[in-house]
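Student: Structure file run_24.pdb (PDB, C-alpha atoms, pLDDT in the B column) right here:
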```pdb
ATOM      1  CA  ILE A 275    -195.879  33.734 -50.237  1.00 86.00           C
ATOM      2  CA  SER A 276    -195.297  32.426 -46.685  1.00 91.00           C
ATOM      3  CA  SER A 277    -191.755  31.175 -47.287  1.00 91.00           C
ATOM      4  CA  PRO A 278    -190.363  34.380 -48.886  1.00 92.00           C
ATOM      5  CA  LEU A 279    -192.013  36.458 -46.147  1.00 92.00           C
ATOM      6  CA  THR A 280    -190.504  34.284 -43.414  1.00 92.00           C
ATOM      7  CA  PHE A 281    -186.985  34.539 -44.837  1.00 91.00           C
ATOM      8  CA  LYS A 282    -187.317  38.265 -45.475  1.00 91.00           C
ATOM      9  CA  LEU A 283    -188.115  38.630 -41.767  1.00 90.00           C
ATOM     10  CA  ILE A 284    -185.301  36.325 -40.632  1.00 90.00           C
ATOM     11  CA  PHE A 285    -182.704  38.194 -42.702  1.00 91.00           C
ATOM     12  CA  HIS A 286    -184.051  41.654 -41.798  1.00 89.00           C
ATOM     13  CA  ARG A 287    -181.487  43.999 -40.240  1.00 90.00           C
ATOM     14  CA  PRO A 288    -181.479  45.318 -37.615  1.00 92.00           C
ATOM     15  CA  ILE A 289    -182.515  42.053 -35.998  1.00 90.00           C
ATOM     16  CA  PHE A 290    -185.959  42.203 -34.414  1.00 91.00           C
ATOM     17  CA  ARG A 291    -186.691  40.607 -31.046  1.00 93.00           C
ATOM     18  CA  CYS A 292    -189.522  38.292 -32.148  1.00 94.00           C
ATOM     19  CA  ALA A 293    -192.364  37.960 -34.618  1.00 94.00           C
ATOM     20  CA  VAL A 294    -195.678  36.240 -33.926  1.00 96.00           C
ATOM     21  CA  LEU A 295    -197.279  35.153 -37.188  1.00 96.00           C
ATOM     22  CA  MET A 296    -200.246  33.106 -38.358  1.00 96.00           C
ATOM     23  CA  PHE A 297    -199.729  30.662 -41.219  1.00 96.00           C
ATOM     24  CA  GLN A 298    -201.570  27.750 -42.760  1.00 95.00           C
ATOM     25  CA  ARG A 299    -201.150  24.849 -40.356  1.00 96.00           C
ATOM     26  CA  GLU A 300    -199.007  22.675 -42.648  1.00 96.00           C
ATOM     27  CA  PHE A 301    -196.543  25.518 -43.325  1.00 97.00           C
ATOM     28  CA  ALA A 302    -196.357  26.376 -39.610  1.00 97.00           C
ATOM     29  CA  MET A 303    -195.707  22.737 -38.715  1.00 97.00           C
ATOM     30  CA  ARG A 304    -192.919  22.595 -41.329  1.00 96.00           C
ATOM     31  CA  LEU A 305    -191.266  25.588 -39.648  1.00 97.00           C
ATOM     32  CA  VAL A 306    -191.243  23.916 -36.218  1.00 97.00           C
ATOM     33  CA  ALA A 307    -190.592  20.303 -37.370  1.00 97.00           C
ATOM     34  CA  ARG A 308    -187.673  18.439 -35.782  1.00 97.00           C
ATOM     35  CA  PRO A 309    -185.424  15.708 -37.222  1.00 96.00           C
ATOM     36  CA  GLY A 310    -187.451  12.561 -37.721  1.00 94.00           C
ATOM     37  CA  ASP A 311    -190.800  14.378 -38.083  1.00 95.00           C
ATOM     38  CA  SER A 312    -192.638  13.719 -41.335  1.00 94.00           C
ATOM     39  CA  LEU A 313    -192.752  17.459 -42.173  1.00 96.00           C
ATOM     40  CA  TYR A 314    -189.042  18.054 -41.425  1.00 96.00           C
ATOM     41  CA  GLY A 315    -187.310  19.354 -44.515  1.00 95.00           C
ATOM     42  CA  ARG A 316    -185.283  22.096 -46.128  1.00 95.00           C
ATOM     43  CA  LEU A 317    -187.621  24.832 -44.867  1.00 95.00           C
ATOM     44  CA  SER A 318    -187.289  23.570 -41.268  1.00 96.00           C
ATOM     45  CA  VAL A 319    -183.496  23.370 -41.406  1.00 96.00           C
ATOM     46  CA  ASN A 320    -183.013  26.748 -43.086  1.00 95.00           C
ATOM     47  CA  CYS A 321    -185.391  28.567 -40.774  1.00 96.00           C
ATOM     48  CA  GLN A 322    -184.051  26.936 -37.611  1.00 96.00           C
ATOM     49  CA  LEU A 323    -180.445  27.750 -38.565  1.00 96.00           C
ATOM     50  CA  TYR A 324    -181.184  31.445 -38.103  1.00 95.00           C
ATOM     51  CA  SER A 325    -184.006  31.478 -35.563  1.00 96.00           C
ATOM     52  CA  LYS A 326    -185.804  29.722 -32.741  1.00 96.00           C
ATOM     53  CA  VAL A 327    -189.290  28.811 -33.932  1.00 97.00           C
ATOM     54  CA  THR A 328    -192.047  27.722 -31.549  1.00 97.00           C
ATOM     55  CA  HIS A 329    -195.651  26.720 -32.129  1.00 97.00           C
ATOM     56  CA  VAL A 330    -197.917  28.997 -30.096  1.00 97.00           C
ATOM     57  CA  MET A 331    -201.437  27.770 -30.862  1.00 97.00           C
ATOM     58  CA  LYS A 332    -203.814  26.230 -33.372  1.00 96.00           C
ATOM     59  CA  VAL A 333    -206.480  28.438 -34.910  1.00 94.00           C
ATOM     60  CA  GLY A 334    -209.508  26.568 -36.221  1.00 92.00           C
ATOM     61  CA  LYS A 335    -211.097  27.540 -39.511  1.00 90.00           C
ATOM     62  CA  ASN A 336    -214.394  28.175 -37.721  1.00 90.00           C
ATOM     63  CA  ASN A 337    -212.824  31.263 -36.108  1.00 90.00           C
ATOM     64  CA  PHE A 338    -213.084  33.060 -39.475  1.00 89.00           C
ATOM     65  CA  LYS A 339    -216.089  34.306 -41.418  1.00 89.00           C
ATOM     66  CA  PRO A 340    -216.390  32.877 -44.004  1.00 92.00           C
ATOM     67  CA  PRO A 341    -214.387  29.853 -42.871  1.00 89.00           C
ATOM     68  CA  PRO A 342    -211.357  29.080 -45.092  1.00 90.00           C
ATOM     69  CA  ASN A 343    -210.617  25.583 -46.403  1.00 91.00           C
ATOM     70  CA  VAL A 344    -207.499  25.211 -44.249  1.00 92.00           C
ATOM     71  CA  GLU A 345    -206.599  25.248 -40.566  1.00 94.00           C
ATOM     72  CA  SER A 346    -204.110  27.810 -39.236  1.00 96.00           C
ATOM     73  CA  SER A 347    -201.437  27.974 -36.557  1.00 97.00           C
ATOM     74  CA  VAL A 348    -199.614  30.786 -34.819  1.00 97.00           C
ATOM     75  CA  VAL A 349    -195.819  30.564 -34.525  1.00 97.00           C
ATOM     76  CA  LYS A 350    -193.259  32.690 -32.737  1.00 97.00           C
ATOM     77  CA  ILE A 351    -189.996  33.385 -34.580  1.00 96.00           C
ATOM     78  CA  GLU A 352    -187.030  34.681 -32.578  1.00 96.00           C
ATOM     79  CA  PRO A 353    -183.951  35.370 -34.727  1.00 95.00           C
ATOM     80  CA  LEU A 354    -180.642  34.221 -33.270  1.00 93.00           C
ATOM     81  CA  ASN A 355    -178.478  37.177 -32.297  1.00 91.00           C
ATOM     82  CA  PRO A 356    -175.793  37.083 -33.466  1.00 91.00           C
ATOM     83  CA  PRO A 357    -176.722  34.947 -36.466  1.00 90.00           C
ATOM     84  CA  PRO A 358    -174.441  31.977 -37.195  1.00 92.00           C
ATOM     85  CA  PRO A 359    -171.458  32.848 -39.436  1.00 93.00           C
ATOM     86  CA  VAL A 360    -172.612  30.674 -42.347  1.00 94.00           C
ATOM     87  CA  ASP A 361    -172.780  31.629 -46.014  1.00 95.00           C
ATOM     88  CA  PHE A 362    -176.475  30.996 -46.625  1.00 94.00           C
ATOM     89  CA  GLU A 363    -176.057  30.172 -50.322  1.00 95.00           C
ATOM     90  CA  GLU A 364    -173.447  27.516 -49.500  1.00 96.00           C
ATOM     91  CA  TRP A 365    -175.615  26.204 -46.665  1.00 96.00           C
ATOM     92  CA  ASP A 366    -178.756  26.096 -48.795  1.00 95.00           C
ATOM     93  CA  GLY A 367    -176.864  24.369 -51.613  1.00 96.00           C
ATOM     94  CA  LEU A 368    -175.888  21.528 -49.270  1.00 96.00           C
ATOM     95  CA  VAL A 369    -179.343  21.303 -47.705  1.00 96.00           C
ATOM     96  CA  ARG A 370    -181.042  21.366 -51.123  1.00 95.00           C
ATOM     97  CA  ILE A 371    -178.996  18.366 -52.280  1.00 96.00           C
ATOM     98  CA  ALA A 372    -179.516  16.500 -49.002  1.00 95.00           C
ATOM     99  CA  PHE A 373    -183.290  16.979 -49.085  1.00 95.00           C
ATOM    100  CA  SER A 374    -183.691  16.321 -52.808  1.00 93.00           C
ATOM    101  CA  ARG A 375    -184.391  12.746 -51.705  1.00 86.00           C
ATOM    102  CA  LYS A 376    -184.868  13.163 -47.954  1.00 81.00           C
ATOM    103  CA  HIS A 377    -185.647   9.522 -47.198  1.00 85.00           C
ATOM    104  CA  LYS A 378    -182.691   8.191 -49.190  1.00 92.00           C
ATOM    105  CA  THR A 379    -179.171   8.089 -47.803  1.00 94.00           C
ATOM    106  CA  LEU A 380    -176.964  11.134 -48.282  1.00 95.00           C
ATOM    107  CA  ALA A 381    -174.664   9.058 -50.500  1.00 94.00           C
ATOM    108  CA  ALA A 382    -177.630   8.322 -52.796  1.00 94.00           C
ATOM    109  CA  SER A 383    -178.675  11.996 -52.855  1.00 93.00           C
ATOM    110  CA  PHE A 384    -175.188  13.084 -53.896  1.00 93.00           C
ATOM    111  CA  LYS A 385    -174.849  10.439 -56.645  1.00 92.00           C
ATOM    112  CA  ASN A 386    -177.293  12.263 -58.918  1.00 90.00           C
ATOM    113  CA  THR A 387    -175.551  13.001 -62.239  1.00 92.00           C
ATOM    114  CA  ALA A 388    -176.545  16.690 -62.361  1.00 93.00           C
ATOM    115  CA  THR A 389    -175.411  17.157 -58.745  1.00 94.00           C
ATOM    116  CA  MET A 390    -172.047  15.510 -59.411  1.00 94.00           C
ATOM    117  CA  GLN A 391    -171.548  17.631 -62.534  1.00 95.00           C
ATOM    118  CA  MET A 392    -172.331  20.857 -60.643  1.00 95.00           C
ATOM    119  CA  LEU A 393    -170.019  19.924 -57.747  1.00 96.00           C
ATOM    120  CA  ASP A 394    -167.237  18.970 -60.180  1.00 95.00           C
ATOM    121  CA  GLU A 395    -167.517  22.350 -61.933  1.00 95.00           C
ATOM    122  CA  ASN A 396    -167.529  24.160 -58.573  1.00 95.00           C
ATOM    123  CA  TYR A 397    -164.500  22.178 -57.386  1.00 95.00           C
ATOM    124  CA  ARG A 398    -162.497  22.898 -60.551  1.00 94.00           C
ATOM    125  CA  THR A 399    -163.445  26.585 -60.430  1.00 94.00           C
ATOM    126  CA  TYR A 400    -162.428  26.816 -56.774  1.00 94.00           C
ATOM    127  CA  CYS A 401    -159.106  25.096 -57.447  1.00 93.00           C
ATOM    128  CA  ALA A 402    -158.378  27.320 -60.455  1.00 93.00           C
ATOM    129  CA  SER A 403    -159.141  30.522 -58.547  1.00 94.00           C
ATOM    130  CA  ASN A 404    -156.988  29.428 -55.577  1.00 93.00           C
ATOM    131  CA  ASP A 405    -153.975  28.105 -57.551  1.00 92.00           C
ATOM    132  CA  LEU A 406    -154.638  24.497 -56.536  1.00 91.00           C
ATOM    133  CA  MET A 407    -153.881  21.623 -58.879  1.00 91.00           C
ATOM    134  CA  VAL A 408    -156.550  19.114 -59.827  1.00 89.00           C
ATOM    135  CA  GLU A 409    -154.979  15.663 -59.929  1.00 88.00           C
ATOM    136  CA  ASP A 410    -155.011  13.641 -63.162  1.00 88.00           C
ATOM    137  CA  GLY A 411    -157.923  11.217 -63.183  1.00 89.00           C
ATOM    138  CA  PHE A 412    -159.719  13.220 -60.462  1.00 92.00           C
ATOM    139  CA  GLN A 413    -163.288  12.056 -59.797  1.00 94.00           C
ATOM    140  CA  ILE A 414    -165.534  14.329 -57.737  1.00 94.00           C
ATOM    141  CA  LYS A 415    -167.665  11.315 -56.830  1.00 94.00           C
ATOM    142  CA  ASP A 416    -164.742   9.754 -54.938  1.00 94.00           C
ATOM    143  CA  LYS A 417    -164.099  12.999 -53.053  1.00 95.00           C
ATOM    144  CA  ILE A 418    -167.775  13.474 -52.102  1.00 95.00           C
ATOM    145  CA  LEU A 419    -168.279   9.885 -50.999  1.00 95.00           C
ATOM    146  CA  GLY A 420    -164.947  10.027 -49.151  1.00 95.00           C
ATOM    147  CA  VAL A 421    -166.062  13.059 -47.132  1.00 96.00           C
ATOM    148  CA  LEU A 422    -169.406  11.435 -46.341  1.00 96.00           C
ATOM    149  CA  GLU A 423    -167.665   8.210 -45.289  1.00 96.00           C
ATOM    150  CA  GLN A 424    -165.025  10.016 -43.227  1.00 95.00           C
ATOM    151  CA  MET A 425    -167.715  11.952 -41.346  1.00 95.00           C
ATOM    152  CA  GLY A 426    -169.873   8.851 -40.890  1.00 95.00           C
ATOM    153  CA  TYR A 427    -172.804  10.265 -42.871  1.00 95.00           C
ATOM    154  CA  SER A 428    -172.880   8.101 -46.018  1.00 92.00           C
ATOM    155  CA  ASP A 429    -175.719   5.972 -44.659  1.00 94.00           C
ATOM    156  CA  ALA A 430    -177.419   8.863 -42.849  1.00 95.00           C
ATOM    157  CA  ARG A 431    -180.688  10.299 -44.095  1.00 95.00           C
ATOM    158  CA  ALA A 432    -181.331  14.035 -44.340  1.00 95.00           C
ATOM    159  CA  SER A 433    -184.647  13.630 -42.552  1.00 95.00           C
ATOM    160  CA  LYS A 434    -182.805  12.440 -39.430  1.00 95.00           C
ATOM    161  CA  LEU A 435    -179.950  15.006 -39.315  1.00 95.00           C
ATOM    162  CA  ASP A 436    -180.095  18.116 -37.150  1.00 95.00           C
ATOM    163  CA  ILE A 437    -178.583  21.559 -37.711  1.00 96.00           C
ATOM    164  CA  HIS A 438    -175.283  20.577 -36.045  1.00 96.00           C
ATOM    165  CA  ASP A 439    -174.916  17.553 -38.336  1.00 96.00           C
ATOM    166  CA  PHE A 440    -175.391  19.757 -41.402  1.00 97.00           C
ATOM    167  CA  LEU A 441    -172.906  22.332 -40.038  1.00 96.00           C
ATOM    168  CA  LYS A 442    -170.286  19.596 -39.500  1.00 96.00           C
ATOM    169  CA  LEU A 443    -170.914  18.252 -42.979  1.00 96.00           C
ATOM    170  CA  LEU A 444    -170.636  21.702 -44.588  1.00 97.00           C
ATOM    171  CA  SER A 445    -167.367  22.313 -42.745  1.00 96.00           C
ATOM    172  CA  ALA A 446    -165.966  18.938 -43.858  1.00 97.00           C
ATOM    173  CA  PHE A 447    -166.879  19.654 -47.484  1.00 96.00           C
ATOM    174  CA  HIS A 448    -165.228  23.077 -47.289  1.00 96.00           C
ATOM    175  CA  ASP A 449    -162.094  21.487 -45.804  1.00 95.00           C
ATOM    176  CA  ALA A 450    -162.057  19.240 -48.894  1.00 94.00           C
ATOM    177  CA  ASN A 451    -162.521  22.326 -51.160  1.00 94.00           C
ATOM    178  CA  VAL A 452    -166.019  21.238 -52.169  1.00 95.00           C
ATOM    179  CA  HIS A 453    -168.433  24.145 -52.495  1.00 95.00           C
ATOM    180  CA  PHE A 454    -172.125  24.317 -53.308  1.00 94.00           C
ATOM    181  CA  CYS A 455    -172.465  27.671 -55.040  1.00 88.00           C
TER     182      CYS A 455
END
```
Can you turn what I pasted into structure tokens?
Tutor:
Amino acid sequence: ISSPLTFKLIFHRPIFRCAVLMFQREFAMRLVARPGDSLYGRLSVNCQLYSKVTHVMKVGKNNFKPPPNVESSVVKIEPLNPPPPVDFEEWDGLVRIAFSRKHKTLAASFKNTATMQMLDENYRTYCASNDLMVEDGFQIKDKILGVLEQMGYSDARASKLDIHDFLKLLSAFHDANVHFC
């Protein structure tokens, strides 16, 4: 329930100034995690794209009666105003693929058969709806790996990339007519 609530708040309009919330410690630490942290993942990247999240304080389980089985933390969420001009579904599609195997290279994450099939269908649909020709013998795998190589991210790992890296990657994929939703 914590994740849907957090995103409902982040996408709420009009934009609020800040929210101070208490979550289970692990969830709170995922919200504030930075690239390279063990808890850094899709939740961290998606939340931090649209807001500044800071850890305020730990709340021990002994502060509650009866004490729960988990520790808690308080976080402060300040939505970015204006929010970045990013299609969230496209963004989340890229981030979902990247973090499907967060400790593997991006090239390895994209080589999944189901991922390649979905991206190929999206590419062909985009080309058809924009009167672009798909070359004979076209392989989406070559296009994807080419974009990753061109941007210098084929050997990068999702767990080490920051928001700006993902934004550059999304832009490069869009320039190559590759879409994620």
Student: Kindly give the distance, in Å, that separates atom CA of Pro358 of chain A and atom CA of Thr280 of chain A, rounded to a single decimal.
Tutor: 17.4 Å
Student: Ranking A:Arg398, A:His448, A:His377, A:Lys415 by minimum distance to Asp311 of chain A and counting all atoms listed in the file, which one comes first?
Tutor: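 Distance minimum relative to Asp311 of chain A lands on A:His377.
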Student: List the spatial neighbours of Phe285 of chain A as a list in words - criterion: any atom at most 12 Å away, all atoms listed in the file, same-chain residues fewer than 5 positions off excluded.
Tutor: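 In the requested form, the answer reads Pro278, Leu279, Thr280, Phe290, Asn320, Cys321, Leu323, Tyr324, Ser325, Ile351, Glu352, Pro353, Leu354, Asn355, Pro356, Pro357, Pro358 and Phe362 of chain A.
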Student: Could you state the separation of atom CA of Leu422 of chain A and atom CA of Met392 of chain A in Å, given to one decimal place?
Tutor: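 That distance, rounded to one decimal, is 17.4 Å.
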Student: What do you get, as a PyMOL selection string, if you spell out every residue that the PyMOL selection byres ((chain A and resi 443) around 9) selects here?
Tutor: chain A and resi 368+421-422+425+427+438-442+444-448
Student: Given the selection you just returned, output its residues as a file containing C-alpha atoms, formatted as a PDB file, in the frame of the given file.
Tutor:
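Saved as part.pdb:
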```pdb
ATOM      1  CA  LEU A 368    -175.888  21.528 -49.270  1.00 96.00           C
ATOM      2  CA  VAL A 421    -166.062  13.059 -47.132  1.00 96.00           C
ATOM      3  CA  LEU A 422    -169.406  11.435 -46.341  1.00 96.00           C
ATOM      4  CA  MET A 425    -167.715  11.952 -41.346  1.00 95.00           C
ATOM      5  CA  TYR A 427    -172.804  10.265 -42.871  1.00 95.00           C
ATOM      6  CA  HIS A 438    -175.283  20.577 -36.045  1.00 96.00           C
ATOM      7  CA  ASP A 439    -174.916  17.553 -38.336  1.00 96.00           C
ATOM      8  CA  PHE A 440    -175.391  19.757 -41.402  1.00 97.00           C
ATOM      9  CA  LEU A 441    -172.906  22.332 -40.038  1.00 96.00           C
ATOM     10  CA  LYS A 442    -170.286  19.596 -39.500  1.00 96.00           C
ATOM     11  CA  LEU A 444    -170.636  21.702 -44.588  1.00 97.00           C
ATOM     12  CA  SER A 445    -167.367  22.313 -42.745  1.00 96.00           C
ATOM     13  CA  ALA A 446    -165.966  18.938 -43.858  1.00 97.00           C
ATOM     14  CA  PHE A 447    -166.879  19.654 -47.484  1.00 96.00           C
ATOM     15  CA  HIS A 448    -165.228  23.077 -47.289  1.00 96.00           C
TER      16      HIS A 448
END
```
Student: Show which residues sit within 7 Å of Arg304 of chain A, as number ranges by chain. Count all atoms listed in the file, and ignore same-chain residues fewer than 4 positions away.
Tutor: A: 300, 313-314, 317-318
Student: Go ahead and find all residues with at least one atom no further than 7 Å from (-191.5, 27.5, -32.0) in the file's coordinates, using all atoms listed in the file; report them as a list of chain:residue names.
Tutor: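 Residues satisfying the cut-off, written out: A:Val306, A:Lys326, A:Val327, A:Thr328, A:His329, A:Val330, A:Val349, A:Lys350, A:Ile351.
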Student: Just want the 12 Å neighbourhood of Arg370 of chain A, counted on all atoms listed in the file, with same-chain residues fewer than 6 positions away dropped. Output as number ranges by chain.
Tutor: A: 315-320, 362-364, 376, 380, 383-384, 389, 432, 440, 454-455
Student: Under the rule that only C-alpha atoms are counted, which of A:Val369, A:Ser277, A:Lys332, A:Ala293 is the nearest residue to Asp436 of chain A?
Tutor: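 That would be A:Val369, the residue with the smallest distance to Asp436 of chain A.
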Student: One decimal, in Å: what's the spacing between atom CA of Ile414 of chain A and atom CA of His453 of chain A?
Tutor: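 Calculated distance between atom CA of Ile414 of chain A and atom CA of His453 of chain A is 11.5 Å.
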Student: Could you model all heavy atoms for segment 434-445 of chain A and present them as an mmCIF file, in the frame of the given file?
Tutor:
```cif
data_model
loop_
_atom_site.group_PDB
_atom_site.id
_atom_site.type_symbol
_atom_site.label_atom_id
_atom_site.label_comp_id
_atom_site.auth_asym_id
_atom_site.auth_seq_id
_atom_site.Cartn_x
_atom_site.Cartn_y
_atom_site.Cartn_z
ATOM 1 N N LYS A 434 -183.179 12.776 -40.806
ATOM 2 C CA LYS A 434 -182.805 12.440 -39.430
ATOM 3 C C LYS A 434 -181.678 13.329 -38.879
ATOM 4 O O LYS A 434 -181.328 13.234 -37.715
ATOM 5 C CB LYS A 434 -182.345 10.977 -39.330
ATOM 6 C CG LYS A 434 -183.344 9.972 -39.870
ATOM 7 C CD LYS A 434 -184.546 9.851 -38.983
ATOM 8 C CE LYS A 434 -185.434 8.721 -39.489
ATOM 9 N NZ LYS A 434 -186.815 8.899 -39.182
ATOM 10 N N LEU A 435 -181.081 14.175 -39.738
ATOM 11 C CA LEU A 435 -179.950 15.006 -39.315
ATOM 12 C C LEU A 435 -180.439 16.326 -38.739
ATOM 13 O O LEU A 435 -181.400 16.918 -39.235
ATOM 14 C CB LEU A 435 -179.021 15.293 -40.495
ATOM 15 C CG LEU A 435 -178.379 14.089 -41.173
ATOM 16 C CD1 LEU A 435 -177.499 14.544 -42.328
ATOM 17 C CD2 LEU A 435 -177.565 13.278 -40.183
ATOM 18 N N ASP A 436 -179.739 16.814 -37.709
ATOM 19 C CA ASP A 436 -180.095 18.116 -37.150
ATOM 20 C C ASP A 436 -179.157 19.198 -37.697
ATOM 21 O O ASP A 436 -178.278 18.923 -38.497
ATOM 22 C CB ASP A 436 -180.109 18.078 -35.618
ATOM 23 C CG ASP A 436 -178.742 17.818 -35.005
ATOM 24 O OD1 ASP A 436 -177.712 17.927 -35.705
ATOM 25 O OD2 ASP A 436 -178.700 17.508 -33.794
ATOM 26 N N ILE A 437 -179.362 20.408 -37.238
ATOM 27 C CA ILE A 437 -178.583 21.559 -37.711
ATOM 28 C C ILE A 437 -177.085 21.326 -37.511
ATOM 29 O O ILE A 437 -176.282 21.609 -38.397
ATOM 30 C CB ILE A 437 -178.995 22.834 -36.934
ATOM 31 C CG1 ILE A 437 -180.475 23.131 -37.121
ATOM 32 C CG2 ILE A 437 -178.129 24.024 -37.317
ATOM 33 C CD1 ILE A 437 -180.874 23.811 -38.370
ATOM 34 N N HIS A 438 -176.701 20.786 -36.351
ATOM 35 C CA HIS A 438 -175.283 20.577 -36.045
ATOM 36 C C HIS A 438 -174.660 19.562 -36.990
ATOM 37 O O HIS A 438 -173.496 19.717 -37.381
ATOM 38 C CB HIS A 438 -175.107 20.171 -34.582
ATOM 39 C CG HIS A 438 -175.652 21.194 -33.635
ATOM 40 N ND1 HIS A 438 -175.076 22.431 -33.459
ATOM 41 C CD2 HIS A 438 -176.759 21.188 -32.839
ATOM 42 C CE1 HIS A 438 -175.780 23.132 -32.602
ATOM 43 N NE2 HIS A 438 -176.814 22.407 -32.207
ATOM 44 N N ASP A 439 -175.415 18.532 -37.365
ATOM 45 C CA ASP A 439 -174.916 17.553 -38.336
ATOM 46 C C ASP A 439 -174.643 18.224 -39.687
ATOM 47 O O ASP A 439 -173.611 17.995 -40.312
ATOM 48 C CB ASP A 439 -175.916 16.407 -38.534
ATOM 49 C CG ASP A 439 -176.088 15.553 -37.293
ATOM 50 O OD1 ASP A 439 -175.074 15.308 -36.598
ATOM 51 O OD2 ASP A 439 -177.227 15.132 -37.013
ATOM 52 N N PHE A 440 -175.574 19.067 -40.127
ATOM 53 C CA PHE A 440 -175.391 19.757 -41.402
ATOM 54 C C PHE A 440 -174.221 20.740 -41.335
ATOM 55 O O PHE A 440 -173.467 20.887 -42.297
ATOM 56 C CB PHE A 440 -176.672 20.477 -41.835
ATOM 57 C CG PHE A 440 -177.713 19.562 -42.408
ATOM 58 C CD1 PHE A 440 -178.903 19.325 -41.731
ATOM 59 C CD2 PHE A 440 -177.521 18.929 -43.632
ATOM 60 C CE1 PHE A 440 -179.868 18.475 -42.247
ATOM 61 C CE2 PHE A 440 -178.478 18.080 -44.164
ATOM 62 C CZ PHE A 440 -179.656 17.852 -43.463
ATOM 63 N N LEU A 441 -174.043 21.413 -40.192
ATOM 64 C CA LEU A 441 -172.906 22.332 -40.038
ATOM 65 C C LEU A 441 -171.579 21.571 -40.110
ATOM 66 O O LEU A 441 -170.628 22.025 -40.763
ATOM 67 C CB LEU A 441 -173.005 23.098 -38.722
ATOM 68 C CG LEU A 441 -174.045 24.215 -38.683
ATOM 69 C CD1 LEU A 441 -174.245 24.713 -37.254
ATOM 70 C CD2 LEU A 441 -173.651 25.353 -39.601
ATOM 71 N N LYS A 442 -171.508 20.407 -39.453
ATOM 72 C CA LYS A 442 -170.286 19.596 -39.500
ATOM 73 C C LYS A 442 -170.006 19.130 -40.926
ATOM 74 O O LYS A 442 -168.866 19.148 -41.377
ATOM 75 C CB LYS A 442 -170.394 18.385 -38.563
ATOM 76 C CG LYS A 442 -170.273 18.727 -37.093
ATOM 77 C CD LYS A 442 -170.152 17.473 -36.252
ATOM 78 C CE LYS A 442 -171.521 17.022 -35.827
ATOM 79 N NZ LYS A 442 -171.525 15.886 -34.903
ATOM 80 N N LEU A 443 -171.057 18.730 -41.612
ATOM 81 C CA LEU A 443 -170.914 18.252 -42.979
ATOM 82 C C LEU A 443 -170.456 19.377 -43.907
ATOM 83 O O LEU A 443 -169.553 19.186 -44.736
ATOM 84 C CB LEU A 443 -172.253 17.682 -43.454
ATOM 85 C CG LEU A 443 -172.256 16.725 -44.612
ATOM 86 C CD1 LEU A 443 -171.245 15.599 -44.437
ATOM 87 C CD2 LEU A 443 -173.657 16.142 -44.802
ATOM 88 N N LEU A 444 -171.037 20.558 -43.767
ATOM 89 C CA LEU A 444 -170.636 21.702 -44.588
ATOM 90 C C LEU A 444 -169.173 22.044 -44.342
ATOM 91 O O LEU A 444 -168.409 22.282 -45.286
ATOM 92 C CB LEU A 444 -171.527 22.911 -44.299
ATOM 93 C CG LEU A 444 -171.258 24.157 -45.143
ATOM 94 C CD1 LEU A 444 -171.520 23.873 -46.623
ATOM 95 C CD2 LEU A 444 -172.113 25.318 -44.667
ATOM 96 N N SER A 445 -168.758 22.034 -43.090
ATOM 97 C CA SER A 445 -167.367 22.313 -42.745
ATOM 98 C C SER A 445 -166.422 21.278 -43.355
ATOM 99 O O SER A 445 -165.369 21.626 -43.899
ATOM 100 C CB SER A 445 -167.204 22.349 -41.229
ATOM 101 O OG SER A 445 -165.871 22.557 -40.871
#
```
